[in-house]
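Chemist: Sending over protein.csv (CSV, C-alpha atoms and all ligand atoms).
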```
chain,number,residue,atom,x,y,z
H,1379,MET,CA,177.0,-1.5,-7.6
H,1380,THR,CA,174.3,-3.2,-9.7
H,1381,GLN,CA,173.2,-6.2,-7.8
H,1382,MET,CA,172.3,-9.2,-9.9
H,1383,LEU,CA,170.6,-12.1,-8.3
H,1384,SER,CA,170.9,-15.7,-9.4
H,1385,SER,CA,167.6,-16.9,-11.0
H,1386,GLN,CA,167.0,-19.0,-7.8
H,1387,ASP,CA,167.6,-16.0,-5.5
H,1388,ARG,CA,165.5,-13.8,-7.7
H,1389,CYS,CA,162.6,-16.2,-7.6
H,1390,ALA,CA,162.9,-16.4,-3.8
H,1391,ALA,CA,162.9,-12.6,-3.5
H,1392,LEU,CA,159.9,-12.2,-5.8
H,1393,THR,CA,158.0,-14.9,-3.9
H,1394,GLN,CA,158.5,-12.9,-0.8
H,1395,VAL,CA,156.9,-9.9,-2.5
H,1396,VAL,CA,153.7,-11.7,-3.4
H,1397,GLY,CA,153.1,-12.7,0.2
H,1398,ASP,CA,150.5,-11.0,2.4
H,1399,VAL,CA,151.2,-7.3,3.0
H,1400,ASP,CA,152.0,-7.8,6.7
H,1401,VAL,CA,154.9,-10.2,5.9
H,1402,ALA,CA,155.9,-9.2,2.4
H,1403,LEU,CA,159.1,-7.5,1.4
H,1404,GLY,CA,159.3,-5.0,-1.4
H,1405,LEU,CA,160.9,-5.8,-4.8
H,1406,PRO,CA,164.6,-6.5,-4.5
H,1407,ASN,CA,167.2,-3.8,-5.5
H,1408,GLU,CA,168.0,-5.5,-8.8
H,1409,ALA,CA,164.4,-4.7,-9.9
H,1410,TYR,CA,165.4,-1.0,-9.9
H,1411,LEU,CA,169.0,-1.2,-11.1
H,1412,SER,CA,169.7,-4.1,-13.4
H,1413,ALA,CA,169.7,-3.8,-17.1
H,1414,ASP,CA,169.0,-7.6,-17.4
H,1415,TYR,CA,165.9,-7.3,-15.1
H,1416,PHE,CA,164.7,-4.3,-17.2
H,1417,GLU,CA,165.1,-6.3,-20.4
H,1418,GLU,CA,163.1,-9.1,-18.9
H,1419,GLU,CA,160.4,-6.6,-17.8
H,1420,LYS,CA,160.0,-5.5,-21.4
H,1421,ARG,CA,158.8,-8.9,-22.3
H,1422,LYS,CA,157.1,-10.1,-19.2
H,1423,VAL,CA,155.6,-6.9,-17.9
H,1424,PHE,CA,155.2,-4.4,-20.7
H,1425,ALA,CA,154.7,-6.6,-23.8
H,1426,ALA,CA,152.4,-9.0,-21.9
H,1427,SER,CA,150.0,-6.2,-20.6
H,1428,TRP,CA,148.3,-3.1,-21.9
H,1429,ALA,CA,151.0,-0.4,-21.7
H,1430,GLY,CA,150.4,3.3,-22.3
H,1431,ILE,CA,152.4,4.7,-25.2
H,1432,GLY,CA,150.9,8.1,-26.0
H,1433,PHE,CA,147.8,10.2,-26.3
H,1434,ALA,CA,145.0,10.2,-28.9
H,1435,LYS,CA,145.0,14.0,-29.0
H,1436,ASP,CA,148.4,13.9,-30.8
H,1437,LEU,CA,146.4,12.6,-33.8
H,1438,PRO,CA,144.0,15.5,-34.0
H,1439,GLU,CA,142.3,14.5,-37.4
H,1440,PRO,CA,142.1,11.6,-39.7
H,1441,LEU,CA,145.3,10.9,-41.7
H,1442,TRP,CA,147.6,12.1,-38.9
H,1443,VAL,CA,150.6,10.1,-38.1
H,1444,LYS,CA,153.1,10.3,-35.2
H,1445,PRO,CA,156.3,8.2,-35.0
H,1446,ILE,CA,157.4,7.3,-31.4
H,1447,GLU,CA,159.8,4.9,-29.7
H,1448,PHE,CA,158.7,2.8,-26.9
H,1449,LEU,CA,161.1,0.5,-25.1
H,1450,GLY,CA,163.4,0.7,-28.2
H,1451,GLU,CA,160.6,-0.3,-30.6
H,1452,PRO,CA,159.9,2.1,-33.4
H,1453,LEU,CA,156.1,2.5,-33.5
H,1454,LEU,CA,153.7,4.6,-35.7
H,1455,LEU,CA,150.5,6.1,-34.3
H,1456,ALA,CA,148.0,6.8,-37.0
H,1457,ARG,CA,144.4,7.9,-37.3
H,1458,ASP,CA,142.8,6.3,-40.2
H,1459,ARG,CA,140.3,7.8,-42.6
H,1460,GLU,CA,137.4,6.8,-40.4
H,1461,GLY,CA,138.9,8.4,-37.3
H,1462,GLN,CA,140.1,5.2,-35.6
H,1463,VAL,CA,143.5,5.2,-33.9
H,1464,ARG,CA,145.8,2.5,-35.1
H,1465,VAL,CA,149.3,1.5,-34.0
H,1466,PHE,CA,151.8,-0.1,-36.4
H,1467,TYR,CA,155.5,-1.0,-36.3
H,1468,ASN,CA,157.1,2.0,-38.0
H,1469,VAL,CA,158.9,-0.2,-40.5
H,1470,CYS,CA,158.4,-0.7,-44.2
H,1471,ARG,CA,157.5,-4.3,-45.2
H,1472,HIS,CA,160.0,-4.1,-48.1
H,1473,ARG,CA,163.5,-3.7,-46.8
H,1474,GLY,CA,162.7,-2.6,-43.3
H,1475,MET,CA,163.3,1.1,-43.6
H,1476,LYS,CA,161.9,3.2,-40.9
H,1477,LEU,CA,158.8,4.7,-42.5
H,1478,VAL,CA,157.8,7.9,-40.8
H,1479,PHE,CA,160.2,10.4,-39.2
H,1480,GLU,CA,157.9,13.3,-38.4
H,1481,ALA,CA,154.4,13.8,-37.0
H,1482,GLY,CA,151.8,15.4,-39.2
H,1483,LYS,CA,149.0,14.9,-41.7
H,1484,GLN,CA,149.9,12.8,-44.7
H,1485,ASN,CA,147.6,11.6,-47.5
H,1486,VAL,CA,149.6,8.4,-47.8
H,1487,ILE,CA,152.3,6.8,-45.7
H,1488,ARG,CA,155.1,6.7,-48.1
H,1489,CYS,CA,158.4,5.0,-47.5
H,1490,PRO,CA,161.3,7.3,-48.4
H,1491,TYR,CA,163.5,4.4,-49.7
H,1492,HIS,CA,161.7,2.9,-52.7
H,1493,SER,CA,158.4,4.8,-52.3
H,1494,TRP,CA,156.1,1.9,-51.3
H,1495,SER,CA,153.0,3.5,-49.9
H,1496,TYR,CA,150.4,2.5,-47.4
H,1497,ASP,CA,147.1,3.9,-46.3
H,1498,HIS,CA,146.3,4.8,-42.7
H,1499,GLY,CA,144.7,1.5,-42.1
H,1500,GLY,CA,148.1,0.0,-43.0
H,1501,THR,CA,147.2,-1.5,-46.3
H,1502,LEU,CA,149.9,-1.6,-48.9
H,1503,LYS,CA,148.7,0.5,-51.9
H,1504,ILE,CA,151.5,1.2,-54.3
H,1505,THR,CA,154.8,-0.5,-55.0
H,1506,PRO,CA,156.4,1.5,-57.8
H,1507,HIS,CA,158.4,-0.5,-60.4
H,1508,ALA,CA,158.3,-3.6,-58.0
H,1509,GLY,CA,157.7,-5.8,-61.1
H,1510,GLY,CA,160.5,-4.1,-63.1
H,1511,PRO,CA,160.7,-0.6,-64.6
H,1512,GLY,CA,157.2,0.6,-65.5
H,1513,ASN,CA,155.5,-2.3,-63.8
H,1514,ASN,CA,154.1,-1.8,-60.3
H,1515,ILE,CA,152.8,-5.3,-59.9
H,1516,CYS,CA,154.9,-8.0,-58.2
H,1517,SER,CA,153.1,-11.4,-57.6
H,1518,ARG,CA,155.2,-12.1,-54.5
H,1519,LEU,CA,153.8,-9.0,-52.8
H,1520,GLU,CA,150.2,-9.8,-53.6
H,1521,LYS,CA,150.7,-13.1,-52.0
H,1522,ASP,CA,152.8,-12.4,-49.0
H,1523,VAL,CA,152.6,-8.7,-48.0
H,1524,THR,CA,149.4,-6.9,-47.5
H,1525,GLY,CA,150.4,-4.1,-45.3
H,1526,LEU,CA,152.0,-2.7,-42.2
H,1527,ILE,CA,152.3,-4.9,-39.1
H,1528,GLU,CA,149.6,-3.7,-36.7
H,1529,ILE,CA,149.8,-3.9,-32.9
H,1530,ARG,CA,146.6,-4.3,-30.8
H,1531,SER,CA,145.7,-0.9,-29.5
H,1532,HIS,CA,142.9,0.7,-27.4
H,1533,VAL,CA,142.2,4.3,-26.4
H,1534,PHE,CA,141.0,4.9,-22.8
H,1535,MET,CA,140.9,8.3,-20.9
H,1536,GLY,CA,142.8,9.9,-23.8
H,1537,VAL,CA,145.7,7.4,-23.6
H,1538,ILE,CA,146.7,5.0,-26.4
H,1539,PHE,CA,147.4,1.6,-25.0
H,1540,ILE,CA,149.1,-1.3,-26.8
H,1541,ASN,CA,149.5,-5.0,-26.1
H,1542,LEU,CA,152.7,-5.9,-27.9
H,1543,ASP,CA,152.6,-9.6,-27.6
H,1544,GLY,CA,149.0,-9.8,-28.7
H,1545,LYS,CA,148.1,-12.3,-26.0
H,1546,ALA,CA,146.5,-10.2,-23.2
H,1547,PRO,CA,142.8,-10.3,-22.8
H,1548,ALA,CA,140.9,-7.6,-24.6
H,1549,PHE,CA,141.5,-4.2,-23.0
H,1550,GLU,CA,137.9,-4.1,-21.6
H,1551,GLU,CA,138.4,-7.5,-20.0
H,1552,ALA,CA,141.9,-6.9,-18.7
H,1553,ASN,CA,140.7,-3.6,-17.1
H,1554,ALA,CA,137.2,-4.7,-16.2
H,1555,GLY,CA,137.6,-3.7,-12.6
H,1556,LEU,CA,138.7,-0.1,-13.3
H,1557,LEU,CA,136.2,0.4,-16.1
H,1558,GLN,CA,133.4,-0.7,-13.8
H,1559,ARG,CA,134.6,1.6,-11.0
H,1560,TRP,CA,134.9,4.6,-13.4
H,1561,HIS,CA,132.1,3.7,-15.7
H,1562,GLU,CA,130.8,7.3,-15.5
H,1563,TYR,CA,134.0,8.6,-16.9
H,1564,ALA,CA,135.0,5.9,-19.3
H,1565,ASP,CA,133.1,7.0,-22.4
H,1566,LYS,CA,133.0,10.7,-21.8
H,1567,PRO,CA,134.5,12.9,-24.5
H,1568,LEU,CA,137.5,14.7,-23.3
H,1569,THR,CA,138.7,18.2,-24.2
H,1570,HIS,CA,142.4,18.8,-24.5
H,1571,THR,CA,143.3,22.5,-24.8
H,1572,GLY,CA,146.8,22.3,-26.2
H,1573,SER,CA,150.2,23.1,-24.7
H,1574,ASP,CA,148.7,24.7,-21.6
H,1575,SER,CA,147.3,21.3,-20.7
H,1576,GLY,CA,150.4,19.2,-20.8
H,1577,PHE,CA,154.0,18.9,-19.6
H,1578,THR,CA,156.8,16.4,-19.2
H,1579,LEU,CA,159.0,15.6,-16.3
H,1580,SER,CA,162.3,13.7,-16.5
H,1581,LEU,CA,163.1,11.5,-13.6
H,1582,ASP,CA,166.3,9.7,-12.5
H,1583,THR,CA,164.3,6.8,-11.3
H,1584,ASN,CA,163.0,3.4,-12.3
H,1585,TRP,CA,159.5,3.6,-13.7
H,1586,LYS,CA,158.1,1.4,-10.8
H,1587,LEU,CA,159.0,3.9,-8.1
H,1588,ALA,CA,156.8,6.5,-9.8
H,1589,VAL,CA,153.9,4.0,-9.9
H,1590,GLU,CA,154.5,3.0,-6.3
H,1591,ASN,CA,154.5,6.6,-5.0
H,1592,TYR,CA,151.3,7.4,-7.0
H,1593,CYS,CA,149.5,4.5,-5.3
H,1594,GLU,CA,149.7,6.0,-1.8
H,1595,SER,CA,148.5,9.0,0.1
H,1596,TYR,CA,150.7,8.3,3.1
H,1597,HIS,CA,153.4,10.8,2.0
H,1598,LEU,CA,151.0,13.8,1.6
H,1599,PRO,CA,151.7,15.6,4.8
H,1600,TRP,CA,155.4,15.8,4.2
H,1601,VAL,CA,155.8,15.8,0.5
H,1602,HIS,CA,152.8,17.9,-0.5
H,1603,PRO,CA,152.2,20.4,2.3
H,1604,SER,CA,150.1,22.7,0.2
H,1605,LEU,CA,147.8,19.9,-1.1
H,1606,ASN,CA,147.6,18.6,2.5
H,1607,SER,CA,146.4,21.9,3.7
H,1608,TYR,CA,142.9,21.2,2.2
H,1609,SER,CA,143.0,17.5,1.4
H,1610,ARG,CA,144.4,15.9,4.6
H,1611,LEU,CA,145.7,12.4,5.0
H,1612,GLU,CA,142.5,11.4,6.9
H,1613,ASP,CA,140.4,12.6,4.0
H,1614,HIS,CA,141.9,9.9,1.7
H,1615,TYR,CA,141.0,6.3,1.2
H,1616,HIS,CA,142.7,3.4,-0.5
H,1617,ILE,CA,141.7,1.9,-3.8
H,1618,MET,CA,142.9,-1.6,-4.4
H,1619,GLN,CA,141.5,-4.5,-6.3
H,1620,ALA,CA,143.0,-7.8,-7.1
H,1621,GLY,CA,142.6,-9.3,-10.5
H,1622,GLU,CA,139.5,-11.5,-10.9
H,1623,GLU,CA,138.7,-14.4,-13.0
H,1624,LEU,CA,136.1,-13.2,-15.5
H,1625,ARG,CA,135.7,-16.6,-17.3
H,1626,PRO,CA,137.9,-19.6,-17.5
H,1627,GLY,CA,141.4,-18.6,-18.5
H,1628,VAL,CA,140.6,-14.8,-18.6
H,1629,THR,CA,141.6,-12.8,-15.5
H,1630,SER,CA,141.3,-9.0,-15.1
H,1631,GLU,CA,144.3,-7.0,-13.9
H,1632,ALA,CA,144.8,-5.7,-10.4
H,1633,PHE,CA,144.8,-1.9,-9.9
H,1634,ALA,CA,145.5,0.4,-7.0
H,1635,GLY,CA,145.5,4.0,-5.9
H,1636,GLN,CA,143.9,6.4,-3.6
H,1637,GLY,CA,140.9,8.7,-3.4
H,1638,THR,CA,140.0,11.9,-1.6
H,1639,LEU,CA,136.7,12.9,-0.1
H,1640,VAL,CA,137.3,16.6,-0.2
H,1641,TYR,CA,138.1,17.6,-3.8
H,1642,SER,CA,137.2,21.3,-4.0
H,1643,PRO,CA,139.7,23.3,-5.9
H,1644,MET,CA,139.7,27.1,-5.7
H,1645,LEU,CA,141.2,28.2,-9.0
H,1646,ALA,CA,139.5,31.6,-9.4
H,1647,ASP,CA,139.2,34.5,-6.9
H,1648,ASP,CA,135.6,34.9,-7.9
H,1649,GLY,CA,134.7,31.3,-7.0
H,1650,ARG,CA,134.1,30.3,-10.6
H,1651,ARG,CA,134.6,26.6,-11.3
H,1652,PHE,CA,135.2,24.5,-14.3
H,1653,PRO,CA,132.0,22.8,-15.6
H,1654,ALA,CA,131.5,19.2,-14.7
H,1655,PHE,CA,131.1,16.1,-16.8
H,1656,ASP,CA,127.5,15.3,-17.6
H,1657,GLY,CA,125.6,12.7,-15.7
H,1658,LEU,CA,127.9,12.1,-12.7
H,1659,ASP,CA,126.7,10.7,-9.5
H,1660,PRO,CA,126.5,13.4,-6.8
H,1661,LYS,CA,129.3,11.6,-4.8
H,1662,TRP,CA,131.7,13.0,-7.3
H,1663,ASP,CA,131.0,16.6,-6.1
H,1664,LYS,CA,133.6,16.1,-3.5
H,1665,GLN,CA,135.4,12.9,-4.4
H,1666,ALA,CA,138.3,12.4,-6.7
H,1667,GLU,CA,140.3,9.3,-7.5
H,1668,TYR,CA,143.9,8.6,-8.5
H,1669,THR,CA,144.6,5.1,-9.8
H,1670,ALA,CA,147.5,3.4,-11.5
H,1671,LEU,CA,146.6,1.3,-14.4
H,1672,PHE,CA,149.5,-1.1,-14.4
H,1673,PRO,CA,152.1,-1.1,-15.7
H,1674,ASN,CA,152.7,2.5,-16.6
H,1675,VAL,CA,149.7,4.8,-16.7
H,1676,LEU,CA,148.6,7.0,-13.8
H,1677,LEU,CA,145.1,8.4,-14.0
H,1678,GLY,CA,143.2,10.9,-12.0
H,1679,VAL,CA,139.4,11.7,-12.3
H,1680,HIS,CA,137.6,14.7,-10.9
H,1681,LYS,CA,134.1,15.9,-11.7
H,1682,ASP,CA,135.5,18.7,-13.9
H,1683,HIS,CA,138.7,17.3,-15.4
H,1684,SER,CA,140.9,14.2,-15.6
H,1685,PHE,CA,144.5,13.7,-16.2
H,1686,ALA,CA,146.7,10.9,-17.5
H,1687,ILE,CA,150.4,10.3,-17.0
H,1688,VAL,CA,152.2,8.0,-19.3
H,1689,ILE,CA,155.4,6.9,-17.7
H,1690,GLU,CA,158.0,6.2,-20.4
H,1691,PRO,CA,160.7,3.9,-19.1
H,1692,LYS,CA,164.0,5.0,-20.6
H,1693,GLY,CA,166.1,2.4,-18.8
H,1694,PRO,CA,166.5,0.9,-15.4
H,1695,THR,CA,167.1,4.2,-13.7
H,1696,GLN,CA,165.5,6.7,-16.0
H,1697,SER,CA,161.9,7.6,-16.8
H,1698,VAL,CA,159.9,10.4,-18.4
H,1699,GLU,CA,156.4,11.3,-17.3
H,1700,HIS,CA,154.2,12.6,-20.0
H,1701,VAL,CA,151.3,14.5,-18.3
H,1702,GLU,CA,148.1,15.6,-20.0
H,1703,ILE,CA,145.1,17.2,-18.5
H,1704,PHE,CA,141.6,16.9,-20.1
H,1705,TYR,CA,138.5,19.0,-19.3
H,1706,ALA,CA,134.9,17.9,-19.0
H,1707,GLN,CA,133.4,20.3,-21.4
H,1708,PRO,CA,134.6,21.7,-24.8
H,1709,HIS,CA,134.0,25.4,-24.0
H,1710,VAL,CA,136.7,25.2,-21.4
H,1711,ALA,CA,139.1,25.6,-24.4
H,1712,GLU,CA,137.9,29.2,-24.8
H,1713,ALA,CA,140.0,32.1,-23.9
H,1714,GLU,CA,138.0,33.1,-20.8
H,1715,TRP,CA,139.1,29.9,-19.1
H,1716,GLN,CA,142.8,30.4,-19.9
H,1717,ALA,CA,143.8,31.7,-16.5
H,1718,MET,CA,142.1,28.9,-14.6
H,1719,ARG,CA,143.5,26.3,-17.0
H,1720,ASP,CA,147.0,27.7,-16.4
H,1721,LYS,CA,146.5,27.7,-12.7
H,1722,ASN,CA,145.2,24.1,-12.7
H,1723,ALA,CA,148.2,22.9,-14.8
H,1724,THR,CA,150.6,24.8,-12.6
H,1725,MET,CA,149.0,23.2,-9.5
H,1726,TRP,CA,149.4,19.7,-10.9
H,1727,LYS,CA,152.9,20.4,-12.1
H,1728,GLN,CA,153.9,21.5,-8.6
H,1729,VAL,CA,152.4,18.4,-7.1
H,1730,PHE,CA,154.2,16.1,-9.5
H,1731,GLU,CA,157.4,18.0,-9.2
H,1732,GLU,CA,157.2,17.6,-5.4
H,1733,ASP,CA,157.2,13.8,-5.9
H,1734,ILE,CA,160.5,13.9,-7.9
H,1735,PHE,CA,162.6,14.2,-4.7
H,1736,VAL,CA,161.1,11.1,-3.2
H,1737,VAL,CA,161.1,8.9,-6.3
H,1738,GLU,CA,164.7,9.8,-7.0
H,1739,GLY,CA,165.6,9.4,-3.4
H,1740,MET,CA,164.1,5.9,-3.3
H,1741,GLN,CA,166.1,5.1,-6.5
H,1742,LYS,CA,169.3,6.2,-4.7
H,1743,GLY,CA,168.4,4.1,-1.7
H,1744,ARG,CA,168.3,1.0,-4.0
H,1745,SER,CA,172.1,1.2,-4.3
H,1746,ALA,CA,172.4,0.2,-0.7
H,1747,SER,CA,173.4,-3.4,-1.2
H,1748,GLY,CA,172.2,-4.5,2.2
H,1749,PHE,CA,168.7,-3.2,1.6
H,1750,ASP,CA,166.1,-6.0,1.5
H,1751,GLY,CA,163.3,-4.4,-0.5
H,1752,GLY,CA,161.7,-2.7,2.6
H,1753,VAL,CA,158.5,-3.5,4.4
H,1754,PHE,CA,155.0,-2.2,4.0
H,1755,ALA,CA,153.0,-0.5,6.8
H,1756,PRO,CA,149.8,-2.5,6.2
H,1757,ALA,CA,147.4,0.3,7.1
H,1758,MET,CA,149.0,2.8,4.8
H,1759,ASP,CA,150.9,0.9,2.1
H,1760,ALA,CA,148.5,-1.8,1.1
H,1761,PRO,CA,147.8,-0.2,-2.4
H,1762,THR,CA,151.6,0.0,-3.0
H,1763,HIS,CA,151.8,-3.6,-2.1
H,1764,VAL,CA,149.1,-4.5,-4.7
H,1765,PHE,CA,151.4,-3.0,-7.3
H,1766,HIS,CA,154.5,-4.9,-6.0
H,1767,GLN,CA,152.5,-8.1,-6.1
H,1768,TRP,CA,151.3,-7.5,-9.6
H,1769,ALA,CA,154.9,-6.6,-10.8
H,1770,ALA,CA,156.4,-9.6,-9.1
H,1771,SER,CA,153.8,-12.0,-10.3
H,1772,LYS,CA,154.4,-10.9,-13.9
H,1773,MET,CA,158.1,-11.6,-13.5
H,1774,LEU,CA,157.4,-15.0,-11.9
H,1775,ALA,CA,155.0,-16.0,-14.6
H,1776,GLU,CA,156.3,-18.6,-17.0
H,1777,ALA,CA,156.3,-17.7,-20.6
H,1778,GLN,CA,153.0,-18.9,-22.1
B,1801,LIG,S1,162.3,-0.2,-47.8
B,1801,LIG,FE1,160.5,0.9,-48.0
B,1801,LIG,S2,160.1,0.9,-50.1
B,1801,LIG,FE2,162.0,-0.1,-49.9
B,1802,FE,FE,152.7,12.6,-4.4
```
Show me this structure written as structure tokens.
Ligand code: FES
Ligand SMILES: [Fe+2]
Modeler:
Amino acid sequence: MTQMLSSQDRCAALTQVVGDVDVALGLPNEAYLSADYFEEEKRKVFAASWAGIGFAKDLPEPLWVKPIEFLGEPLLLARDREGQVRVFYNVCRHRGMKLVFEAGKQNVIRCPYHSWSYDHGGTLKITPHAGGPGNNICSRLEKDVTGLIEIRSHVFMGVIFINLDGKAPAFEEANAGLLQRWHEYADKPLTHTGSDSGFTLSLDTNWKLAVENYCESYHLPWVHPSLNSYSRLEDHYHIMQAGEELRPGVTSEAFAGQGTLVYSPMLADDGRRFPAFDGLDPKWDKQAEYTALFPNVLLGVHKDHSFAIVIEPKGPTQSVEHVEIFYAQPHVAEAEWQAMRDKNATMWKQVFEEDIFVVEGMQKGRSASGFDGGVFAPAMDAPTHVFHQWAASKMLAEAQ
């Protein structure tokens, strides 16, 4: 039974979530079940923040385009002539036809309806016969329509982020805390090696449960026994940072996750290891960190590779995880590294598959109508609570 709260009860429930970790309750059941809550999240959580929608590697060269859907919005990812990633609504400015149906390289972005054409910067270039047969000039167009409707976008760690409502602080400001923490990784070129470096997982769960689970290492001994055999619970530490006021009216976002002090993968029998990123502090020899960039991107950094998971919310109880792995040095794409790449991807796939049981199990638990959101064990669940606080605060925020 989907449980809907009155707006007063919802407000009271969310207010309990934002309290201190030792007294707070988790988000109420309706946050995981209700279509209405999910609709409101689209606006207050996803549109108002920097949400992950895809990967820059899917636009391998200038003039590539890729149509996607995100939360029901038809979007177009494009790489312009200068190599810049751009995101537009995938809709023609004429009569609103969906513009692009297939990914690929195109010299112009041409609408299949009346052939209006745009360049990859979104500028309207040709409007055949718009002024009458044989006349491509229409004064109304020159005045009112200059091109596709662009959405603010930013690429970080291989992920394409958008801010749909256009009101969030600039990406670098919104995520100033994480960029500072990971400044050594932030601008490094990443090598994606094709289909052996990515996979998708479909989950019967609300997107937030995947984020929550990612924020904590508490479950390691029971859910990831093989990982726990070399990276034990006590080798992990919490990562959590509240949003900070950067300047009047501009606040960075909170973020949370966990790190390990004993990262040391053995992927080859001969002891060979992937080459590391250039210029890292020696602390990264053994450290690795896993952080959720709210709302829906899960990132991991290690000295020799990073990964990014874009969680695509498909509805209140359905999500898809798009996982891509990126290596530190371009020559890892060569054939001699294939076996190790395969092993690395298999290892991560196993870890993320092990999590499916618990994120789907927590989803099932949310149908228990007497469940109150649950409590947090302050010593172990504080990063998870940071996410709950963030998600509840977004829902409590009044529309600007
Ligand atoms: S709707 Fe695109 S050209 Fe007419
Ligand atoms: Fe896990």
Chemist: In terms of the shortest atom-to-atom distance over only C-alpha atoms, which of H:Leu1579, H:Leu1403, H:Ile1515, H:Ile1504 is closest to Phe1749 (chain H)?
Modeler: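 Among the listed residues, H:Leu1403 lies closest to Phe1749 (chain H).
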Chemist: Around ligand LIG 1801 (chain B), which protein and nucleic acid residues have at least one atom no more than 9 Å from it, if we count all atoms listed in the file? List them as a count of residues only.
Modeler: 19
Chemist: Which residues form the shell of 10 Å around ligand FE 1802 (chain B) when you count all atoms listed in the file, given as a list in words?
Modeler: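 For ligand FE 1802 (chain B), the residues inside 10 Å are Ala1588, Glu1590, Asn1591, Tyr1592, Cys1593, Glu1594, Ser1595, Tyr1596, His1597, Leu1598, Pro1599, Trp1600, Val1601, His1602, Leu1605, Gln1728, Val1729, Phe1730, Glu1731, Glu1732, Asp1733, Ile1734, Val1736 and Val1737 of chain H.
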Chemist: Can you tell me which residues surround Pro1708 (chain H) at a distance of at most 9 Å, considering all atoms listed in the file, apart from same-chain residues fewer than 3 positions away, and format the answer as a list in words?
Modeler: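 Result of the neighbour search: Pro1567, Leu1568, Thr1569, His1570, Thr1571, Tyr1705, Ala1711 and Glu1712 of chain H.
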Chemist: Tell me which protein, DNA and RNA residues are within 6 Å of region 1651-1659 of chain H, counting only C-alpha atoms, leaving out same-chain ones fewer than 5 positions away, and put them as an MDAnalysis selection string.
Modeler: chainID H and resid 1681:1682 1706
Chemist: Tell me which of H:Met1758, H:Gly1509, H:Ala1391, H:His1709 sits closest to Leu1611 (chain H), counting all atoms listed in the file.
Modeler: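 Using all atoms listed in the file, Leu1611 (chain H) sits closest to H:Met1758.
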Chemist: Could you give me, as a PyMOL selection string, the residues within 8 Å of Gly1432 (chain H), counting all atoms listed in the file and dropping anything in the same chain fewer than 6 positions from it?
Modeler: chain H and resi 1537-1539+1688
Chemist: Just checking: using all atoms listed in the file, which residue out of H:Trp1726, H:Tyr1641, H:Trp1585, H:Tyr1496 ends up closest to Lys1692 (chain H)?
Modeler: H:Trp1585
Chemist: From the list H:Gln1741, H:Thr1762, H:Thr1695, H:Gln1636, which residue is nearest Ala1402 (chain H) when using only C-alpha atoms?
Modeler: H:Thr1762
Chemist: So which one's closest to Thr1724 (chain H), H:Asp1565, H:Ser1575, H:Pro1761, H:Gly1637? Using all atoms listed in the file, please.
Modeler: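 Residue with the minimum atom-to-atom distance to Thr1724 (chain H): H:Ser1575.
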Chemist: Excluding same-chain residues fewer than 6 positions from Met1644 (chain H), what lies within 10 Å of it counting all atoms listed in the file, as an MDAnalysis selection string?
Modeler: chainID H and resid 1650:1651 1718 1721:1722
